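The structure under discussion appears below in the form of structure tokens.
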Amino acid sequence: MPIYIDESGSLPAGAMIVAGVHIEEDAAERLLARFRAVVGLHGELKGSRIGLIERAFFFELLDRFGGQARICIIKAYQHEIGRRPEDLDVYVALLTQLVDDWLPDTADCLSVVIDAGRYDSMVLEEVRQDIAAMLTRCGSAQMIDSRRSPGVQIADVVANSFYNIAIRSGRSARIETIVAPFLEQGLLRTSSLRQRPAPRPQHQAMRKRP
């Protein structure tokens with residue numbers, strides 16, 4: 001059971017979102033191929049680069065090709081009091097909760113595929129090991145460049161869509177209309193971060209990529 005994961009935003013930008021998409025690898029490839037053919041997309045699919053009509057078409061395809069998504073959200077106002085958590089701590093907390101929420105819903109092995117673009121490789125390897133340790137019964141975790149993974153590109157669009165909603169961007173109302181029926185049918189499921197992010201012990205060595 002593959003789960004493709006990507007993130008969007010940051011607390012200084014108003015919210016951070018981590019989205020996980022369950023979709024079979026061949027279905028992800030066919031979804032992306034269909035999207036490219038219809039909208040004339042060249043290069044990597046990024047949620048920040050597509051318009052509202054293209055986004056609506058994307059979610060129709062996600063439904064058609066059997067995809068499901070979970071979205072974990074933290075908004076900046078949730079941490080206005082006291083020290084604001086570091087970017088990496090927030091990311092790890094969202095990622096961990098997202099994977100943990102998937103575990104009770106599957107009897108299959110989880111194959112977690114995470115975008116490798118946000119932090120340097122040493123940081124991500126430690127994060128990957130932590131996620132792999134959660135899959136002690138059965139499963140695997142890997143980091144991959146989103147340009148090589150249709151599934152991660154699909155997760156990027158989901159994460160970006162809910163980031164726009166979370167920060168109430170100028171497109172948020174239209175995007176809410178787009179995703180509403182898929183939320184109602186359970187294709188998309190959202191949750192807020194339940195625990196305050198805790199600093200990682202090796203935090204001083206962990207840097208966000210420029």
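In the structure tokens, chains take letters A, B, ... by order of appearance, with residues numbered from 1 within each chain and ligands from 1 in the order shown.
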Neighbour list for segment 113-116 of chain A as a JSON list (two decimals) with C-alpha atoms, in the first residue's frame, cut-off 12 Å, only C-alpha atoms, skip fewer than 5 positions in-chain:
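Everything below was put into result_16.json:
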```json
[["chain", "number", "residue", "atom", "x", "y", "z"],
["A", 1, "MET", "CA", 0.00, 0.00, 0.00],
["A", 2, "PRO", "CA", 1.87, 3.10, -1.16],
["A", 3, "ILE", "CA", 1.36, 6.42, 0.61],
["A", 4, "TYR", "CA", 2.90, 9.42, -1.16],
["A", 5, "ILE", "CA", 3.63, 12.42, 1.07],
["A", 6, "ASP", "CA", 4.42, 16.07, 0.44],
["A", 7, "GLU", "CA", 4.12, 19.30, 2.40],
["A", 8, "SER", "CA", 3.19, 22.93, 1.82],
["A", 18, "VAL", "CA", 1.41, 17.62, 5.17],
["A", 19, "ALA", "CA", -0.68, 15.52, 2.78],
["A", 20, "GLY", "CA", -0.52, 11.78, 2.23],
["A", 21, "VAL", "CA", -2.11, 10.20, -0.84],
["A", 22, "HIS", "CA", -2.91, 6.51, -1.12],
["A", 23, "ILE", "CA", -2.88, 5.57, -4.79],
["A", 24, "GLU", "CA", -1.36, 2.62, -6.62],
["A", 25, "GLU", "CA", 1.82, 3.46, -8.52],
["A", 91, "TYR", "CA", 7.18, 19.10, 9.75],
["A", 92, "VAL", "CA", 8.19, 15.98, 11.70],
["A", 95, "LEU", "CA", 4.45, 13.73, 9.16],
["A", 96, "THR", "CA", 4.45, 11.41, 12.18],
["A", 98, "LEU", "CA", -0.17, 11.48, 9.30],
["A", 99, "VAL", "CA", 1.58, 8.09, 9.10],
["A", 121, "SER", "CA", 19.90, 14.62, 2.82],
["A", 122, "MET", "CA", 21.33, 14.01, 6.30],
["A", 123, "VAL", "CA", 18.26, 15.50, 7.93],
["A", 124, "LEU", "CA", 15.91, 13.53, 5.74],
["A", 125, "GLU", "CA", 17.68, 10.24, 6.40],
["A", 127, "VAL", "CA", 13.45, 11.49, 9.49],
["A", 128, "ARG", "CA", 13.12, 8.47, 7.17],
["A", 129, "GLN", "CA", 14.57, 6.18, 9.85],
["A", 131, "ILE", "CA", 9.15, 6.83, 10.04],
["A", 132, "ALA", "CA", 10.51, 3.36, 9.17],
["A", 139, "GLY", "CA", 6.42, -1.62, 5.67],
["A", 140, "SER", "CA", 9.11, 0.68, 4.34],
["A", 141, "ALA", "CA", 9.91, 4.38, 4.09],
["A", 142, "GLN", "CA", 11.91, 6.17, 1.42],
["A", 143, "MET", "CA", 12.68, 9.71, 0.32],
["A", 144, "ILE", "CA", 12.48, 10.57, -3.36],
["A", 145, "ASP", "CA", 12.87, 13.61, -5.60],
["A", 146, "SER", "CA", 9.33, 14.67, -6.51],
["A", 147, "ARG", "CA", 10.33, 15.00, -10.17],
["A", 148, "ARG", "CA", 10.74, 11.21, -10.24],
["A", 149, "SER", "CA", 7.46, 10.39, -8.52],
["A", 150, "PRO", "CA", 3.97, 11.02, -9.95],
["A", 151, "GLY", "CA", 2.54, 10.07, -6.54],
["A", 152, "VAL", "CA", 4.51, 12.75, -4.70],
["A", 153, "GLN", "CA", 3.49, 15.32, -7.32],
["A", 154, "ILE", "CA", -0.14, 14.37, -6.68],
["A", 155, "ALA", "CA", 0.40, 14.83, -2.94],
["A", 156, "ASP", "CA", 1.90, 18.27, -3.67],
["A", 159, "ALA", "CA", -1.12, 19.85, 0.19],
["A", 208, "LYS", "CA", 16.08, 23.72, 5.75],
["A", 209, "ARG", "CA", 17.22, 23.86, 2.15]]
```
Report the residues of chain A whose backbone DSSP state falls under strand (DSSP E), written as a count of residues only.
42
Within 12 Å of segment 160-163 of chain A, which residues of segment 19-131 of chain A show up? Give each one with its shortest atom-to-atom distance in Å (one decimal) and the two atoms involved, counting only C-alpha atoms, rows by chain then rising residue number, as JSON lines.
```
{"residue": "A:Ala19", "atom": "CA", "partner": "A:Phe162", "partner_atom": "CA", "distance": 8.8}
{"residue": "A:Leu45", "atom": "CA", "partner": "A:Asn160", "partner_atom": "CA", "distance": 11.5}
{"residue": "A:Lys46", "atom": "CA", "partner": "A:Asn160", "partner_atom": "CA", "distance": 8.3}
{"residue": "A:Gly47", "atom": "CA", "partner": "A:Asn160", "partner_atom": "CA", "distance": 5.3}
{"residue": "A:Ser48", "atom": "CA", "partner": "A:Asn160", "partner_atom": "CA", "distance": 6.5}
{"residue": "A:Arg49", "atom": "CA", "partner": "A:Asn160", "partner_atom": "CA", "distance": 9.9}
{"residue": "A:Ile50", "atom": "CA", "partner": "A:Asn160", "partner_atom": "CA", "distance": 10.2}
{"residue": "A:Gly51", "atom": "CA", "partner": "A:Ser161", "partner_atom": "CA", "distance": 10.8}
{"residue": "A:Leu52", "atom": "CA", "partner": "A:Ser161", "partner_atom": "CA", "distance": 9.9}
{"residue": "A:Glu54", "atom": "CA", "partner": "A:Ser161", "partner_atom": "CA", "distance": 11.8}
{"residue": "A:Arg55", "atom": "CA", "partner": "A:Ser161", "partner_atom": "CA", "distance": 8.3}
{"residue": "A:Ala56", "atom": "CA", "partner": "A:Ser161", "partner_atom": "CA", "distance": 10.4}
{"residue": "A:Phe58", "atom": "CA", "partner": "A:Ser161", "partner_atom": "CA", "distance": 10.9}
{"residue": "A:Phe59", "atom": "CA", "partner": "A:Ser161", "partner_atom": "CA", "distance": 10.3}
{"residue": "A:Ala69", "atom": "CA", "partner": "A:Phe162", "partner_atom": "CA", "distance": 11.4}
{"residue": "A:Arg70", "atom": "CA", "partner": "A:Phe162", "partner_atom": "CA", "distance": 10.7}
{"residue": "A:Ile71", "atom": "CA", "partner": "A:Phe162", "partner_atom": "CA", "distance": 7.8}
{"residue": "A:Cys72", "atom": "CA", "partner": "A:Phe162", "partner_atom": "CA", "distance": 9.3}
{"residue": "A:Ile73", "atom": "CA", "partner": "A:Phe162", "partner_atom": "CA", "distance": 8.3}
{"residue": "A:Ile74", "atom": "CA", "partner": "A:Tyr163", "partner_atom": "CA", "distance": 9.7}
{"residue": "A:Lys75", "atom": "CA", "partner": "A:Tyr163", "partner_atom": "CA", "distance": 9.4}
{"residue": "A:Ala76", "atom": "CA", "partner": "A:Tyr163", "partner_atom": "CA", "distance": 11.7}
```
For Gly186 of chain A, which residue among A:Arg174, A:Leu110, A:Gly67, A:Gly117 is the nearest when counting only C-alpha atoms?
A:Gly67
Residue among A:His42, A:Arg194, A:Arg64, A:Arg171 lying closest to Ala27 of chain A, counting only C-alpha atoms
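Closest residue, counting only C-alpha atoms: A:Arg64.
From atom CA of Ile175 of chain A back to atom CA of Leu61 of chain A, the distance works out to 15.6 Å.
Comparing the minimum interatomic distances between Gln195 of chain A and each of A:Ser111, A:Gln97, A:Ser10, A:Ser169, counting only C-alpha atoms, we find that A:Gln97 sits nearest.
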To one decimal in Å, tell me the separation between atom CA of Val112 of chain A and atom CA of Thr177 of chain A.
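Answer for the atom CA of Val112 of chain A to atom CA of Thr177 of chain A separation: 29.4 Å.
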